[in-house]
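Inspection log for the structure reproduced underneath, given as structure tokens.
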Amino acid sequence: MLNLKIRNPLLKIVGKERLLEKPEELACYSYDAYFEEAMPDMVLFPVTTQEVSAILKICSTHKIPVTARGAGTSVCGASIPARHGVVLCFSKMNQILETNTKDRYIIVQPGVVNIDIQKALEPFKFFYPPDPGSMNVSTIGGNVAQNAGGPRCLKYGVTADYILGMQVVLASGKIVEFGSRNVKDVTGYRLSGLFCGSEGTLGMVTKIILRVVPLPETIKTILVTFDNLDDTAKSVSDIIGSGILPVALELLDKTTINAIEDSANLGLPVEAEGSLLIEIDGVKEACEKEIQKIIEKVETNGATSIQEAKSDEERDKLWEARRTAFGVFAKLAPDIFSEDVTVPASKVPEMIRKTVEITKEYGLKVGILAHAGDGNMHPMIPADKNNKDEWEKVEKAFVEIVKAAVDLNGTLSGEHGIGLAKTQFLPLVMSQDSIEFMSVIKAAVDPDGILNPGKFV
Amino acid sequence: MKPKALQNCGKCGLCLSVCPVYKISNQEEASPRARLQLIKYYKNENLLSSSGLKEIISKCLMCGSCKAICPSGIDHYSQFMEMRAQMRKDHGEKSAIKSLTYLLAKESRIRLAAGAAKIGQKIIPQNFIQKYNLGNIPLKRFPRLNKKPFRQAVPEIIQPDRNKKGTLLYFTGCATNHIFDKTGFSTINILKQMGYTVIIPKKQTCCGIPMLFHGAGKQAEKNVLTNIKCLDKEDIKAIIVDCPTCGTALKDEYPALMQRLDKDVDAAKRISSKVIDIMSFIIQESDLKNFSNSIDKIKVTYHLPCHLKNSRKTSNNTEKILDKLDWIEYERAIDVDECCGGGGTFFYEYPEISKKMMDKKIKNAKNTGSSIWLTDCPVCRINLSGNLKRKDKITVRHPVEIINNVLFNT
């Protein structure tokens, strides 16, 4: 527990309804979707920027660690209070401040859930493209902190591509703002790019101006199956290489499809070695032309079946299947090692081959799942962390997978982030000087290192 | 309990998106994920038992939405029930809940209590009734009890007038028996018209869910065994329920409980396979041609009870019927499938959370412009109608009642 000299002023800021300190309450903020855990000393729910600022002033005076949290769905442990201290939970700071589709932006507080932004925009026939698997529950603050991606980021780009402006509270409690309501804006450094993806290590984002785009006229979704994984992967690089830009191009292997089908009973093709979920959108005529082109490509690569979603319901079913993929793996083993390496699209076939080889070598089970169109791989290894031998193998296999990705001009994480999960692997993809440069920036804005300590910088 | 079952929670957080209590509070400790983690910490002795822990475990509607969405296949019900029993052991129970579980454990006690309550409703001074609330619900808006328990008011076997199609068992539940006898009469009437012989086993008693959900598994055991004995019959086409929660009990919880008790699982499974709610039975067995009528259309809206939504894949059958009936104009409320905050005794134990859920429901129901609000679940029904005001001019009914009124009772 924090000593009373700190506790009482914090209590004064938020009131007792928005402060948690009993062990059974604190325990609920010791985890996210990653497998490590650490107990906070206190949880606070701010609802205004001024409260966040006042809290940070006290915490920086007393050098208390502060870890931001939204809905706690990080898969790299970004919201785990690794060095204890205060968890700043933004889930109650969840107002949509302005919806302006005429000027194509929406202004939100960090606790707004991604799906609620979509719901607010839908009546105007607009949407906000980044769609992480957790979009029904994760908050926009978390999405911004992690620079979240998602399936349709293949065509539309990731969270960072949609931030027009933001308000940030620095460790000192100072409130800074940059960007504006304008798509074109070169006034000063583009600091949104710095804070987006900083995983709460540089400041607390308290307001975000997001760019929004019109909903497409037509969406077409198909599910294609293959009798080997190589053909599946080759289709991916062929489609992307041909100049078509699908909204999403998802690859699922047999293990993954079967895990989903066991849980959800959706009538998925359980016999196929590889499946592609492909979606395109745009003007109706263009969509029809493009889907024909895609069908030609997959047929050349030996597709065994092509099934088009005939209704919104059917389309939802396919996407529901894809969205539950992370969760269903949890059925197979107590822990899931979920990988996030990313390679250029043309290297997808080779990356998949290597991943299968490496896991086989260590005698591990693997499910291959990927936002294949942008090369973002999510191989999932079901294992038991309490089984030391097995876990050691998992870690070794992981290092080899990362090395393989780097050899193919890939990178460590496409969208999950570094957090607790991958800090130690940064040197595999970044030079010492580059890592030090991040530390210099960190020290400049958070000299006492109170913001999300224990994470990658 | 296997600890592995808990470790398999991937903590993905999908359950937060459907948990009615989390949606109101936006605090993790109100979520199913948190409850599972706390149970794990408690079992691993990383967390001591406390009244605060009991409160977190209890502040749950037992609606089953988490179980329905969980990709890891966690059986939240069993986890929560077992933990509730443990918490009840460690910290006792509120006296109101204790008396409820005591009452429901024996049919004679239920009858006695219903009788006493009926006398009570007559002798409680009017000014008291006008003034006092149970949870958010004013006493004056609680339903009157049946003049006579429904099962005593009807014969045990009811034959159809013509074209005999087979025999059904009807499990009436406590609500129909003691509060909403019109639901019972309507159900029988509809089944008769459809050509079925209806048997209402005299020995049946409370399904046991209120006890199981409050961690009083021991008290529930006898009820479960009694019901299994009188429902496990050959040559029965189906076992009809009019209450979704009784349906959940018979369909899902009985087999699970018998497994845990190491008793006749097969009997429970035979029963489970035959249980169907009345609305699903209607649409399964009829093309609704006999349900047509040329009267002016009646505008209705609907509330989908959680236990119908989550326990079976038949969740939208009532809406399908409402859409198909030519004399009904069905106006769907935008939050038709959101929880109303009833949750057995939840509305009484946590009125401040329940009220927030209810306010939204009422607003959206009013927006449909309907004067009739249909719902299958008796607790939802008490909760919805109890929170409405007289000036709202909306009445809440079980769907079978409006069908019976319009088609067969005139």
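Going by the structure tokens order, chains are called A, B, ..., each with residues numbered from 1, while ligands are numbered from 1 in the order shown.
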Pull the strand (DSSP E or B) assignments for segment 163-369 of chain B out of DSSP run on the backbone, and list those residues as a ChimeraX atom specification. /B:166-171,196-199,238-241,275-277,298-303,328-330
Exercise answer, chain A residues close to chain B, 10 Å and only C-alpha atoms, as number ranges by chain: A: 18, 22-35, 45, 70-75, 89-94, 111, 113, 115, 133-138, 259-260, 262-264, 321, 323-336, 384
Show me, as a list of chain:residue names, the residues that have an atom within 8 Å of Gly410 of chain A when counting only C-alpha atoms, minus same-chain residues fewer than 5 positions from it. A:Val341, A:Thr342, A:Val343, A:Pro344, A:Ala405
Sorted per-residue table, segment 153-177 of chain B near segment 377-387 of chain B, closest atoms and distance, 12 Å, only C-alpha atoms, as CSV:
residue,atom,partner,partner_atom,distance
B:Thr172,CA,B:Pro378,CA,11.4
B:Gly173,CA,B:Pro378,CA,9.6
B:Cys174,CA,B:Pro378,CA,9.4
B:Ala175,CA,B:Pro378,CA,6.2
B:Thr176,CA,B:Pro378,CA,8.0
B:Asn177,CA,B:Pro378,CA,11.2
Could you give me, as a PyMOL selection string, each residue of segment 184-392 of chain B that DSSP assigns to alpha helix (DSSP H) when run on this structure's backbone? chain B and resi 184-193+209-213+217-231+244-248+254-261+265-274+278-285+306-311+317-324+346-349+351-367+378-387
From atom CA of Val205 of chain A to atom CA of Gln50 of chain A the spacing works out at 12.3 Å
Compile the contact shell of Gly200 of chain A as a PyMOL selection string: residues with an atom at most 10 Å away, counting only C-alpha atoms, same-chain residues fewer than 2 positions apart removed. chain A and resi 66-69+78-79+141-142+144-146+195-198+202-205+419+451-453+455
Name all residues at most 8 Å from Tyr362 of chain A (count only C-alpha atoms; drop same-chain ones fewer than 4 positions away) and give them as a PyMOL selection string. chain A and resi 358+393-394+397
Same residues, N, CA and C atoms, saved as a compact mmCIF listing (two decimals), in the first residue's frame:
# COMPACT_ATOMS: atom_id res chain seq x y z
N ILE A 358 10.76 -24.84 -37.87
CA ILE A 358 11.34 -24.56 -36.54
C ILE A 358 10.53 -25.21 -35.43
N LYS A 393 11.76 -24.80 -24.72
CA LYS A 393 11.71 -25.06 -26.17
C LYS A 393 10.94 -23.95 -26.88
N VAL A 394 9.83 -23.55 -26.28
CA VAL A 394 9.00 -22.50 -26.89
C VAL A 394 9.83 -21.23 -27.06
N ALA A 397 12.46 -21.68 -29.80
CA ALA A 397 11.81 -21.66 -31.11
C ALA A 397 11.47 -20.22 -31.50
List the neighbours of Ala238 of chain B out to 9 Å using only C-alpha atoms; skip same-chain residues closer than 3 positions along the sequence, and give me the result as number ranges by chain. B: 167-170, 271, 273-276, 281
Looking at B:Arg332, B:Lys393, B:Lys165, B:Lys67, which one is nearest to Asn367 of chain B, with distances taken over only C-alpha atoms? B:Arg332
For Asp446 of chain A: contacts at 9 Å, only C-alpha atoms, fewer than 4 positions along chain excluded, given as number ranges by chain: A: 60, 170-172, 201-203, 441-442, 450-451
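Atom CA of Gly369 of chain B to atom CA of Ile402 of chain B spans 17.5 Å [interatomic distance, one decimal].
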Point-to-point distance in Å for atom CA of Ile334 of chain B and atom CA of Pro210 of chain B: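 Straight-line distance from atom CA of Pro210 of chain B to atom CA of Ile334 of chain B works out to 29.6 Å.
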Go through A:Asp448, A:Glu313, A:Glu390, A:Asp103 and flag the residue nearest Leu210 of chain A, using only C-alpha atoms for the distances.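 Checking each candidate against Leu210 of chain A, we get A:Asp103 as the closest.
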Using only C-alpha atoms, the residue out of A:Glu177, A:Val366, A:Gly302, A:Val158 with shortest distance to Leu191 of chain A is A:Glu177
